[in-house]
Amino acid sequence: MADMFLSILIVSAIAAALAALLVVAQRYLANYGKCRIKINDSKTIEVEGGSPLLESLTQNKIFIPSACGGRGTCAYCKVKVLEGGGPVVPTEEPYLDAGERESGVRLSCQVKVRNDLRIEIPEELFSVREYICTCTRIRELTHDIREFRFELKEPAEITFVPGQYVQLFSPAYDDNEEVYRAYSIASDPAEKNIVDLVIRLVPGGICTTWCFEHLKEGAEARFNGPYGQFRLSDSDAPMIFVAGGSGMAPMKCMLHHMKNTGNKRKTTYFFGANLVNELFYRELMQEFEQSLGSFRFVPVVSRPGEGDPWDGETGLVTEALRRNIKDAAGCEGYLCGSPGMIDAAVKVLVELGVPENKIFYDKF
Amino acid sequence: MNTDGVLVQALVVAFSAAFTGNILLTNFLGMCPFLAVSRQVKTSMGLGWAVLFVMTGTCILNWVVYWHVLVPLHLEFLRFIMFIIMIAAFVQFVEMLLERYSPVLYQNLGIFLPLITVNCAILGAALFMVIREYTFVNTVAFGLGSGAGWMLAILAMAGIREKMKPDRIPQGLQGPGITLIIVGLMALAFMGFTGVLSGG
């Protein structure tokens with residue numbers, strides 16, 4: 001009995017003594033005071049110095065991806081530290097290439113906040129959130145593509161870069177488990193409390209079946225985002241858009257944005273469909289042709305039926321691309337559609353002279 | 001025993017800890033940071049020094065705690081928990097100290113300290129020192145030798161991995177797979193030291 005008490009006493013005493021030592025040390029040695037972290041030159045947060053950057057950001061609800069829990073082994077938590085990060089530490093070295101080092105990329109779990117910092121994180125991480133919304137409108141665009149309009153409730157506004165996508169939550173129904181599926185935002189980015197998604201029914205698809213059969217106007221839904229690097233470049237180079245089916249969504253969003261910002265870049269948009277009645281948003285595209293000036297919409301129908309009057313481009317979208325554009329050197333390519341279409345379009349664009357690093361796409 | 005005898009014995013202990021009884025290659029302790037950080041010789045060197053330092057420091061501290069606190073009170077069974085607490089506190093304290101007063105040393109060594117706080121090699125060394133009933137001098141030698149042995153192993157591994165970088169490794173074996181195979185071969189090689197010393 002006495003042994004037991006003695007052991008508890010000794011362990012507690014030593015642990016307490018060490019804890020006291022550490023507390024004192026923490027108070028005097030590791031006290032870096034308040035530090036300010038300026039993010040993307042817009043937002044500034046104030047944190048208690050002495051912790052890793054990753055932790056400080058997480059505490060301020062800025063979520064940097066990290067798989068290893070801050071031990072410096074997964075290299076997911078890269079951010080740009082522009083000022084105040086100190087030299088690259090050896091634990092980071094294996095994960096940074098020369099270009100990244102040059103531009104100040106660091107592993108945020110290995111950078112300690114000891115003074116004021118200026119950092120840059122991808123905008124989308126800054127604003128990734130979960131949104132609760134109401135489905136307010138469902139429009140049939142073609143026999144298997146519908147446009148779903150969501151009005152945001154909480155938070156009430158979303159800011160995103162045109163071309164980005166959100167992950168729509170499909171709750172469990174019948175025998176299907178709950179899933180998240182990615183859909184590009186199609187709506188005008190100026191309308192901050194509205195998100196339109198253009199969704200094609202995939203036979204057997206869990207989320208698309210839910211959208212088409214279970215989601216009704218007036219029902220609550222949720223999604224998180226925005227994510228993705230697909231976006232307009234900052235250059236003035238002429239652009240070639242190639243899309244098919246629901247790949248229309250990010251292009252429509254970008255076109256809205258170009259209209260809003262008075263962007264007059266020369267743009268040719270090839271949109272592929274199987275049948276004439278699978279084309280949609282044609283009036284809207286005509287409006288864009290008028291308001292944007294140097295924008296041209298080229299719908300391509302691969303199998304114009306007997307009865308459907310069609311005098312436009314026929315065949316595959318890549319064939320129309322070849323017929324209409326002889327030299328695309330100096331252009332940029334923006335693609336969205338099925339992997340097969342994208343691979344084919346990349347090949348054609350490269351043949352037409354577009355450098356591979358100037359072709360941007362979202363594969364679904 | 002005269003001073004010479006003590007020194008010779010300490011040398012033998014250190015040598016055997018580094019080679020014949022290498023903590024990593026014969027006892028397979030401390031594998032986690034070994035696998036994770038052995039990509040570059042430079043980084044491995046930093047981690048190696050950190051292990052060497054912490055191992056020596058904690059062996060000494062734990063020797064004092066064990067023989068002068070736990071044994072007199074007949075509380076030897078508390079050694080596991082005691083050692084872990086001591087190691088954690090020591091590492092934490094040293095890290096803070098380095099970070100504050102020696103940024104250069106901190107850059108090269110300090111950032112590895114958290115990686116080895118909960119390293120089984122460090123605890124293992126402390127427990128070996130107890131089981132083998134080392135004297136104080138031998139404990140210092142054992143800590144140094146074990147740390148040096150661990151450092152030797154990770155440096156060798158990092159050297160091999162750097163050399164291997166351009167080689168094409170079958171996909172299923174890339175990363176930890178091939179590393180573990182190499183560790184096994186290195187362990188076999190270190191078995192060659194067995195019998196060099198009969199003392200230790």
# chains A, B, ... in the order shown; residues from 1 in each chain; ligands from 1

call {"tool": "select_by_dssp", "arguments": {"residues": "segment 171-349 of chain A", "states": "alpha helix (DSSP H)", "output": "PyMOL selection string"}}
result
chain A and resi 206-209+248-261+282-292+317-324+339-349

call {"tool": "residues_around", "arguments": {"residues": "Glu191 of chain A", "least_positions_apart": "6", "cutoff": "12 Å", "atoms": "only C-alpha atoms", "output": "PyMOL selection string"}}
result
chain A and resi 149-152+156-160+162+185+253+256-257+260

call {"tool": "closest_atom_pairs", "arguments": {"of": "chain A", "to": "chain B", "cutoff": "10 Å", "atoms": "only C-alpha atoms", "output": "Markdown table"}}
result
| residue | atom | partner | partner_atom | distance |
| --- | --- | --- | --- | --- |
| A:Asp3 | CA | B:Leu75 | CA | 7.9 |
| A:Met4 | CA | B:Leu75 | CA | 9.3 |
| A:Leu6 | CA | B:Leu73 | CA | 8.3 |
| A:Ser7 | CA | B:Leu75 | CA | 6.5 |
| A:Ile8 | CA | B:Leu78 | CA | 9.6 |
| A:Ile10 | CA | B:Leu70 | CA | 8.7 |
| A:Val11 | CA | B:Met82 | CA | 7.0 |
| A:Ile14 | CA | B:Met82 | CA | 8.2 |
| A:Ala15 | CA | B:Ile85 | CA | 6.9 |
| A:Leu18 | CA | B:Ala89 | CA | 6.3 |
| A:Ala19 | CA | B:Ala89 | CA | 7.6 |
| A:Leu21 | CA | B:Phe93 | CA | 8.3 |
| A:Leu22 | CA | B:Phe93 | CA | 6.4 |
| A:Val23 | CA | B:Phe93 | CA | 9.8 |
| A:Ala25 | CA | B:Phe93 | CA | 7.1 |
| A:Gln26 | CA | B:Met96 | CA | 7.5 |
| A:Tyr28 | CA | B:Arg100 | CA | 9.6 |
| A:Leu29 | CA | B:Arg100 | CA | 6.1 |
| A:Ala30 | CA | B:Met96 | CA | 6.1 |
| A:Asn31 | CA | B:Arg100 | CA | 9.2 |
| A:Tyr32 | CA | B:Arg100 | CA | 9.5 |
| A:Gly50 | CA | B:Met96 | CA | 9.7 |
| A:Arg71 | CA | B:Leu115 | CA | 7.4 |
| A:Gly72 | CA | B:Ala36 | CA | 9.3 |
| A:Thr73 | CA | B:Ala36 | CA | 7.0 |
| A:Gly86 | CA | B:Gln107 | CA | 9.4 |
| A:Pro87 | CA | B:Gln107 | CA | 8.1 |
| A:Val88 | CA | B:Gln107 | CA | 8.4 |
| A:Val89 | CA | B:Gln107 | CA | 5.9 |
| A:Pro90 | CA | B:Thr43 | CA | 5.4 |
| A:Thr91 | CA | B:Thr43 | CA | 6.7 |
| A:Glu92 | CA | B:Thr43 | CA | 9.2 |
| A:Glu93 | CA | B:Thr43 | CA | 8.0 |
| A:Pro94 | CA | B:Arg39 | CA | 7.2 |
| A:Gln110 | CA | B:Ile111 | CA | 8.0 |
| A:Val111 | CA | B:Ile111 | CA | 9.8 |
| A:Lys112 | CA | B:Ile111 | CA | 9.9 |
| A:Arg114 | CA | B:Glu99 | CA | 9.9 |

call {"tool": "write_last_selection", "arguments": {"atoms": "C-alpha atoms", "output": "mmCIF file, in the first residue's frame"}}
result
data_model
loop_
_atom_site.group_PDB
_atom_site.id
_atom_site.type_symbol
_atom_site.label_atom_id
_atom_site.label_comp_id
_atom_site.auth_asym_id
_atom_site.auth_seq_id
_atom_site.Cartn_x
_atom_site.Cartn_y
_atom_site.Cartn_z
ATOM 1 C CA ASP A 3 4.551 1.486 -2.150
ATOM 2 C CA MET A 4 1.611 2.446 -4.206
ATOM 3 C CA LEU A 6 4.960 6.408 -2.792
ATOM 4 C CA SER A 7 5.074 5.586 -6.488
ATOM 5 C CA ILE A 8 2.159 7.860 -7.272
ATOM 6 C CA ILE A 10 7.162 10.206 -6.945
ATOM 7 C CA VAL A 11 5.777 10.106 -10.451
ATOM 8 C CA ILE A 14 8.833 14.453 -10.968
ATOM 9 C CA ALA A 15 6.217 15.131 -13.607
ATOM 10 C CA LEU A 18 9.388 18.898 -15.167
ATOM 11 C CA ALA A 19 6.113 20.527 -16.119
ATOM 12 C CA LEU A 21 10.371 23.753 -15.634
ATOM 13 C CA LEU A 22 8.772 23.645 -19.051
ATOM 14 C CA VAL A 23 6.146 26.197 -18.158
ATOM 15 C CA ALA A 25 10.869 27.878 -20.083
ATOM 16 C CA GLN A 26 7.825 28.400 -22.253
ATOM 17 C CA TYR A 28 10.623 33.064 -20.914
ATOM 18 C CA LEU A 29 12.253 31.155 -23.761
ATOM 19 C CA ALA A 30 9.479 30.506 -26.231
ATOM 20 C CA ASN A 31 7.594 33.726 -25.775
ATOM 21 C CA TYR A 32 7.502 35.401 -29.134
ATOM 22 C CA GLY A 50 5.882 30.073 -31.329
ATOM 23 C CA ARG A 71 5.426 15.914 -39.153
ATOM 24 C CA GLY A 72 6.901 17.060 -42.417
ATOM 25 C CA THR A 73 6.513 13.849 -44.368
ATOM 26 C CA GLY A 86 13.659 32.262 -42.308
ATOM 27 C CA PRO A 87 15.790 29.827 -44.262
ATOM 28 C CA VAL A 88 14.494 26.524 -45.581
ATOM 29 C CA VAL A 89 14.997 23.908 -42.875
ATOM 30 C CA PRO A 90 16.491 20.493 -43.622
ATOM 31 C CA THR A 91 13.229 18.633 -43.015
ATOM 32 C CA GLU A 92 11.669 20.514 -45.915
ATOM 33 C CA GLU A 93 14.498 20.173 -48.369
ATOM 34 C CA PRO A 94 13.607 16.811 -49.878
ATOM 35 C CA GLN A 110 7.861 23.212 -40.589
ATOM 36 C CA VAL A 111 7.797 27.002 -40.551
ATOM 37 C CA LYS A 112 7.507 28.417 -37.088
ATOM 38 C CA ARG A 114 8.419 33.714 -34.641
#

call {"tool": "select_by_dssp", "arguments": {"residues": "segment 75-149 of chain A", "states": "strand (DSSP E or B)", "output": "PDB file with N, CA and C atoms, in the first residue's frame"}}
result
ATOM      1  N   LYS A  78       2.082  22.753 -48.485  1.00  0.00           N
ATOM      2  CA  LYS A  78       2.927  23.806 -49.047  1.00  0.00           C
ATOM      3  C   LYS A  78       2.196  25.146 -49.143  1.00  0.00           C
ATOM      4  N   VAL A  79       2.850  26.189 -48.704  1.00  0.00           N
ATOM      5  CA  VAL A  79       2.349  27.547 -48.910  1.00  0.00           C
ATOM      6  C   VAL A  79       3.540  28.424 -49.295  1.00  0.00           C
ATOM      7  N   LYS A  80       3.239  29.582 -49.851  1.00  0.00           N
ATOM      8  CA  LYS A  80       4.316  30.507 -50.187  1.00  0.00           C
ATOM      9  C   LYS A  80       4.545  31.437 -49.013  1.00  0.00           C
ATOM     10  N   VAL A  81       5.760  31.454 -48.499  1.00  0.00           N
ATOM     11  CA  VAL A  81       6.091  32.391 -47.433  1.00  0.00           C
ATOM     12  C   VAL A  81       6.966  33.471 -48.059  1.00  0.00           C
ATOM     13  N   LEU A  82       6.416  34.670 -48.154  1.00  0.00           N
ATOM     14  CA  LEU A  82       7.123  35.725 -48.876  1.00  0.00           C
ATOM     15  C   LEU A  82       8.085  36.486 -47.969  1.00  0.00           C
ATOM     16  N   GLU A  83       7.695  36.637 -46.702  1.00  0.00           N
ATOM     17  CA  GLU A  83       8.560  37.375 -45.782  1.00  0.00           C
ATOM     18  C   GLU A  83       8.496  36.741 -44.405  1.00  0.00           C
ATOM     19  N   VAL A 105       8.249  28.766 -51.681  1.00  0.00           N
ATOM     20  CA  VAL A 105       7.329  27.733 -51.213  1.00  0.00           C
ATOM     21  C   VAL A 105       7.939  27.017 -50.008  1.00  0.00           C
ATOM     22  N   ARG A 106       7.140  26.812 -48.975  1.00  0.00           N
ATOM     23  CA  ARG A 106       7.601  26.138 -47.757  1.00  0.00           C
ATOM     24  C   ARG A 106       6.551  25.135 -47.297  1.00  0.00           C
ATOM     25  N   LEU A 107       6.987  24.200 -46.439  1.00  0.00           N
ATOM     26  CA  LEU A 107       6.017  23.332 -45.787  1.00  0.00           C
ATOM     27  C   LEU A 107       5.524  24.078 -44.549  1.00  0.00           C
ATOM     28  N   LYS A 112       8.045  27.936 -38.361  1.00  0.00           N
ATOM     29  CA  LYS A 112       7.507  28.417 -37.088  1.00  0.00           C
ATOM     30  C   LYS A 112       7.220  29.901 -37.165  1.00  0.00           C
ATOM     31  N   LEU A 117       4.710  37.552 -40.523  1.00  0.00           N
ATOM     32  CA  LEU A 117       4.900  36.816 -41.765  1.00  0.00           C
ATOM     33  C   LEU A 117       4.017  37.402 -42.861  1.00  0.00           C
ATOM     34  N   ARG A 118       4.492  37.253 -44.096  1.00  0.00           N
ATOM     35  CA  ARG A 118       3.633  37.561 -45.238  1.00  0.00           C
ATOM     36  C   ARG A 118       3.578  36.293 -46.065  1.00  0.00           C
ATOM     37  N   ILE A 119       2.409  35.742 -46.247  1.00  0.00           N
ATOM     38  CA  ILE A 119       2.318  34.462 -46.952  1.00  0.00           C
ATOM     39  C   ILE A 119       1.289  34.538 -48.074  1.00  0.00           C
ATOM     40  N   GLU A 120       1.361  33.536 -48.918  1.00  0.00           N
ATOM     41  CA  GLU A 120       0.422  33.462 -50.030  1.00  0.00           C
ATOM     42  C   GLU A 120      -0.105  32.040 -50.073  1.00  0.00           C
ATOM     43  N   ARG A 129     -15.372  26.346 -47.918  1.00  0.00           N
ATOM     44  CA  ARG A 129     -16.301  26.270 -46.798  1.00  0.00           C
ATOM     45  C   ARG A 129     -17.420  25.315 -47.160  1.00  0.00           C
ATOM     46  N   GLU A 130     -18.231  25.038 -46.181  1.00  0.00           N
ATOM     47  CA  GLU A 130     -19.429  24.258 -46.471  1.00  0.00           C
ATOM     48  C   GLU A 130     -20.599  25.225 -46.586  1.00  0.00           C
ATOM     49  N   TYR A 131     -21.395  25.066 -47.639  1.00  0.00           N
ATOM     50  CA  TYR A 131     -22.518  25.960 -47.876  1.00  0.00           C
ATOM     51  C   TYR A 131     -23.834  25.198 -47.769  1.00  0.00           C
ATOM     52  N   ILE A 132     -24.744  25.758 -47.001  1.00  0.00           N
ATOM     53  CA  ILE A 132     -26.103  25.211 -46.937  1.00  0.00           C
ATOM     54  C   ILE A 132     -26.938  26.068 -47.880  1.00  0.00           C
ATOM     55  N   CYS A 133     -27.757  25.423 -48.711  1.00  0.00           N
ATOM     56  CA  CYS A 133     -28.497  26.207 -49.694  1.00  0.00           C
ATOM     57  C   CYS A 133     -29.841  25.560 -49.982  1.00  0.00           C
ATOM     58  N   THR A 134     -30.650  26.270 -50.763  1.00  0.00           N
ATOM     59  CA  THR A 134     -31.945  25.748 -51.172  1.00  0.00           C
ATOM     60  C   THR A 134     -31.934  25.610 -52.685  1.00  0.00           C
ATOM     61  N   CYS A 135     -32.436  24.498 -53.159  1.00  0.00           N
ATOM     62  CA  CYS A 135     -32.558  24.330 -54.611  1.00  0.00           C
ATOM     63  C   CYS A 135     -33.799  25.096 -55.040  1.00  0.00           C
ATOM     64  N   THR A 136     -33.617  26.168 -55.803  1.00  0.00           N
ATOM     65  CA  THR A 136     -34.779  27.005 -56.112  1.00  0.00           C
ATOM     66  C   THR A 136     -35.319  26.804 -57.512  1.00  0.00           C
ATOM     67  N   ARG A 137     -34.528  26.200 -58.390  1.00  0.00           N
ATOM     68  CA  ARG A 137     -35.017  26.058 -59.753  1.00  0.00           C
ATOM     69  C   ARG A 137     -34.328  24.876 -60.416  1.00  0.00           C
ATOM     70  N   ILE A 138     -35.104  24.071 -61.115  1.00  0.00           N
ATOM     71  CA  ILE A 138     -34.505  22.980 -61.903  1.00  0.00           C
ATOM     72  C   ILE A 138     -35.000  23.144 -63.334  1.00  0.00           C
ATOM     73  N   ARG A 139     -34.077  23.335 -64.253  1.00  0.00           N
ATOM     74  CA  ARG A 139     -34.469  23.534 -65.652  1.00  0.00           C
ATOM     75  C   ARG A 139     -33.957  22.385 -66.486  1.00  0.00           C
ATOM     76  N   GLU A 140     -34.816  21.922 -67.377  1.00  0.00           N
ATOM     77  CA  GLU A 140     -34.394  20.862 -68.284  1.00  0.00           C
ATOM     78  C   GLU A 140     -33.667  21.509 -69.456  1.00  0.00           C
ATOM     79  N   ILE A 145     -29.659  16.504 -69.466  1.00  0.00           N
ATOM     80  CA  ILE A 145     -28.878  17.532 -68.760  1.00  0.00           C
ATOM     81  C   ILE A 145     -29.841  18.545 -68.146  1.00  0.00           C
ATOM     82  N   ARG A 146     -29.636  18.829 -66.874  1.00  0.00           N
ATOM     83  CA  ARG A 146     -30.470  19.815 -66.210  1.00  0.00           C
ATOM     84  C   ARG A 146     -29.604  20.854 -65.526  1.00  0.00           C
ATOM     85  N   GLU A 147     -30.213  22.037 -65.394  1.00  0.00           N
ATOM     86  CA  GLU A 147     -29.516  23.100 -64.676  1.00  0.00           C
ATOM     87  C   GLU A 147     -30.185  23.239 -63.309  1.00  0.00           C
ATOM     88  N   PHE A 148     -29.407  23.115 -62.260  1.00  0.00           N
ATOM     89  CA  PHE A 148     -29.924  23.230 -60.889  1.00  0.00           C
ATOM     90  C   PHE A 148     -29.463  24.551 -60.312  1.00  0.00           C
ATOM     91  N   ARG A 149     -30.422  25.314 -59.837  1.00  0.00           N
ATOM     92  CA  ARG A 149     -30.053  26.594 -59.211  1.00  0.00           C
ATOM     93  C   ARG A 149     -30.137  26.454 -57.692  1.00  0.00           C
TER      94      ARG A 149
END

call {"tool": "residues_around", "arguments": {"residues": "Thr56 of chain B", "least_positions_apart": "5", "cutoff": "12 Å", "atoms": "only C-alpha atoms", "output": "JSON, numbers by chain"}}
result
{"B": [14, 49, 50, 51, 61, 62, 63, 87, 90, 91, 121, 122, 123, 125, 126, 129, 136, 137, 138, 139, 140, 141, 142, 143, 144, 145, 146, 147, 148]}

call {"tool": "write_last_selection", "arguments": {"atoms": "N, CA and C atoms", "output": "short mmCIF file (atom, residue, chain, number, x, y, z; two decimals), in the first residue's frame"}}
result
data_model
loop_
_atom_site.label_atom_id
_atom_site.label_comp_id
_atom_site.auth_asym_id
_atom_site.auth_seq_id
_atom_site.Cartn_x
_atom_site.Cartn_y
_atom_site.Cartn_z
N ALA B 14 31.25 1.59 -25.82
CA ALA B 14 30.87 2.50 -26.91
C ALA B 14 30.99 1.80 -28.25
N TRP B 49 22.98 13.73 -35.72
CA TRP B 49 23.54 14.50 -34.60
C TRP B 49 22.50 14.68 -33.50
N ALA B 50 21.26 14.95 -33.91
CA ALA B 50 20.21 15.15 -32.91
C ALA B 50 20.03 13.89 -32.08
N VAL B 51 20.01 12.73 -32.74
CA VAL B 51 19.84 11.47 -32.01
C VAL B 51 21.02 11.24 -31.08
N LEU B 61 20.66 11.46 -17.88
CA LEU B 61 19.57 11.89 -16.99
C LEU B 61 18.85 10.69 -16.40
N ASN B 62 18.55 9.75 -17.27
CA ASN B 62 17.80 8.60 -16.80
C ASN B 62 18.63 7.72 -15.87
N TRP B 63 19.92 7.70 -16.10
CA TRP B 63 20.78 6.94 -15.19
C TRP B 63 20.67 7.54 -13.79
N ILE B 87 12.53 11.94 -21.04
CA ILE B 87 12.95 12.16 -22.43
C ILE B 87 12.14 13.29 -23.05
N PHE B 90 13.09 16.64 -21.54
CA PHE B 90 14.44 17.03 -21.95
C PHE B 90 14.44 17.57 -23.38
N VAL B 91 13.82 16.81 -24.27
CA VAL B 91 13.80 17.21 -25.67
C VAL B 91 13.11 18.56 -25.84
N ALA B 121 14.16 4.21 -30.10
CA ALA B 121 15.59 3.98 -29.91
C ALA B 121 16.09 4.70 -28.65
N ILE B 122 15.56 5.88 -28.41
CA ILE B 122 15.99 6.65 -27.25
C ILE B 122 15.59 5.93 -25.96
N LEU B 123 14.33 5.51 -25.92
CA LEU B 123 13.85 4.78 -24.74
C LEU B 123 14.58 3.45 -24.63
N ALA B 125 17.58 2.68 -25.56
CA ALA B 125 18.93 2.86 -25.04
C ALA B 125 18.90 3.01 -23.52
N ALA B 126 17.93 3.79 -23.02
CA ALA B 126 17.83 3.99 -21.58
C ALA B 126 17.54 2.67 -20.87
N MET B 129 20.59 0.38 -20.83
CA MET B 129 21.57 0.84 -19.85
C MET B 129 21.21 0.34 -18.45
N PHE B 136 28.17 4.84 -14.39
CA PHE B 136 27.91 6.14 -14.98
C PHE B 136 28.78 6.38 -16.23
N VAL B 137 30.05 6.10 -16.10
CA VAL B 137 30.96 6.30 -17.24
C VAL B 137 30.53 5.44 -18.43
N ASN B 138 30.20 4.19 -18.12
CA ASN B 138 29.77 3.31 -19.21
C ASN B 138 28.46 3.78 -19.83
N THR B 139 27.61 4.37 -19.01
CA THR B 139 26.34 4.88 -19.54
C THR B 139 26.59 6.00 -20.54
N VAL B 140 27.50 6.91 -20.17
CA VAL B 140 27.85 7.99 -21.10
C VAL B 140 28.38 7.39 -22.40
N ALA B 141 29.29 6.42 -22.25
CA ALA B 141 29.88 5.79 -23.42
C ALA B 141 28.82 5.08 -24.24
N PHE B 142 27.90 4.42 -23.55
CA PHE B 142 26.85 3.67 -24.24
C PHE B 142 25.94 4.62 -25.03
N GLY B 143 25.58 5.74 -24.38
CA GLY B 143 24.74 6.72 -25.06
C GLY B 143 25.43 7.26 -26.31
N LEU B 144 26.68 7.63 -26.15
CA LEU B 144 27.44 8.14 -27.30
C LEU B 144 27.55 7.10 -28.39
N GLY B 145 27.90 5.88 -27.97
CA GLY B 145 28.09 4.80 -28.95
C GLY B 145 26.81 4.48 -29.69
N SER B 146 25.70 4.38 -28.95
CA SER B 146 24.42 4.05 -29.60
C SER B 146 24.03 5.14 -30.58
N GLY B 147 24.18 6.39 -30.13
CA GLY B 147 23.83 7.51 -31.00
C GLY B 147 24.69 7.50 -32.25
N ALA B 148 26.00 7.27 -32.06
CA ALA B 148 26.91 7.25 -33.21
C ALA B 148 26.55 6.11 -34.14
#

call {"tool": "residues_around", "arguments": {"residues": "Lys43 of chain A", "least_positions_apart": "4", "cutoff": "12 Å", "atoms": "only C-alpha atoms", "output": "PyMOL selection string"}}
result
chain A and resi 36-39+57+60+62+117-121+123+126-127

call {"tool": "atom_distance", "arguments": {"atom1": "atom CA of Leu9 of chain A", "atom2": "atom CA of Val71 of chain B"}}
result
15.1 Å

call {"tool": "residues_around", "arguments": {"residues": "Lys165 of chain B", "least_positions_apart": "5", "cutoff": "12 Å", "atoms": "only C-alpha atoms", "output": "PDB file with N, CA and C atoms, in the first residue's frame"}}
result
ATOM      1  N   ARG B  39      16.555  10.259 -46.960  1.00  0.00           N
ATOM      2  CA  ARG B  39      16.634  10.487 -48.399  1.00  0.00           C
ATOM      3  C   ARG B  39      17.891  11.228 -48.805  1.00  0.00           C
ATOM      4  N   GLN B  40      18.357  12.097 -47.926  1.00  0.00           N
ATOM      5  CA  GLN B  40      19.510  12.919 -48.269  1.00  0.00           C
ATOM      6  C   GLN B  40      20.547  12.814 -47.165  1.00  0.00           C
ATOM      7  N   ALA B 158      21.302   6.844 -46.236  1.00  0.00           N
ATOM      8  CA  ALA B 158      21.070   8.028 -47.067  1.00  0.00           C
ATOM      9  C   ALA B 158      22.023   8.023 -48.258  1.00  0.00           C
ATOM     10  N   GLY B 159      23.268   7.611 -48.016  1.00  0.00           N
ATOM     11  CA  GLY B 159      24.233   7.525 -49.106  1.00  0.00           C
ATOM     12  C   GLY B 159      23.760   6.569 -50.178  1.00  0.00           C
ATOM     13  N   ILE B 160      23.273   5.418 -49.728  1.00  0.00           N
ATOM     14  CA  ILE B 160      22.789   4.423 -50.693  1.00  0.00           C
ATOM     15  C   ILE B 160      21.588   4.952 -51.454  1.00  0.00           C
ATOM     16  N   GLN B 174       8.989   0.857 -54.605  1.00  0.00           N
ATOM     17  CA  GLN B 174       9.488   2.212 -54.413  1.00  0.00           C
ATOM     18  C   GLN B 174       9.223   2.707 -52.999  1.00  0.00           C
ATOM     19  N   GLY B 175      10.090   3.603 -52.525  1.00  0.00           N
ATOM     20  CA  GLY B 175       9.893   4.190 -51.201  1.00  0.00           C
ATOM     21  C   GLY B 175      10.286   3.230 -50.097  1.00  0.00           C
ATOM     22  N   ILE B 178      11.828  -0.716 -50.854  1.00  0.00           N
ATOM     23  CA  ILE B 178      13.234  -0.955 -51.184  1.00  0.00           C
ATOM     24  C   ILE B 178      14.113  -0.568 -50.000  1.00  0.00           C
ATOM     25  N   THR B 179      13.682   0.465 -49.260  1.00  0.00           N
ATOM     26  CA  THR B 179      14.463   0.898 -48.096  1.00  0.00           C
ATOM     27  C   THR B 179      14.551  -0.216 -47.066  1.00  0.00           C
TER      28      THR B 179
END

call {"tool": "residues_around", "arguments": {"residues": "segment 351-359 of chain A", "least_positions_apart": "6", "cutoff": "8 Å", "atoms": "only C-alpha atoms", "output": "list in words"}}
result
Arg322, Ile325, Lys326, Asp327, Ala328, Ala329, Gly330, Cys331, Glu332, Gly333, Tyr334 and Leu335 of chain A

call {"tool": "residues_around", "arguments": {"residues": "Asn119 of chain B", "least_positions_apart": "5", "cutoff": "9 Å", "atoms": "only C-alpha atoms", "output": "short mmCIF file (atom, residue, chain, number, x, y, z; two decimals) with C-alpha atoms, in the first residue's frame"}}
result
data_model
loop_
_atom_site.label_atom_id
_atom_site.label_comp_id
_atom_site.auth_asym_id
_atom_site.auth_seq_id
_atom_site.Cartn_x
_atom_site.Cartn_y
_atom_site.Cartn_z
CA LEU B 29 14.81 0.44 -32.89
CA GLY B 30 14.18 3.92 -34.25
CA MET B 31 13.01 2.76 -37.67
CA CYS B 32 10.37 5.41 -38.18
CA PRO B 33 12.53 8.51 -38.60
CA GLY B 124 15.47 1.52 -25.78
#

call {"tool": "closest_residue", "arguments": {"among": "A:Pro226, A:Gly204, A:Gly85, A:Pro339", "to": "Val161 of chain A", "atoms": "only C-alpha atoms"}}
result
A:Pro226

call {"tool": "closest_residue", "arguments": {"among": "B:Gly149, B:Pro170, B:Gly177, B:Gly195", "to": "Phe28 of chain B", "atoms": "only C-alpha atoms"}}
result
B:Gly149
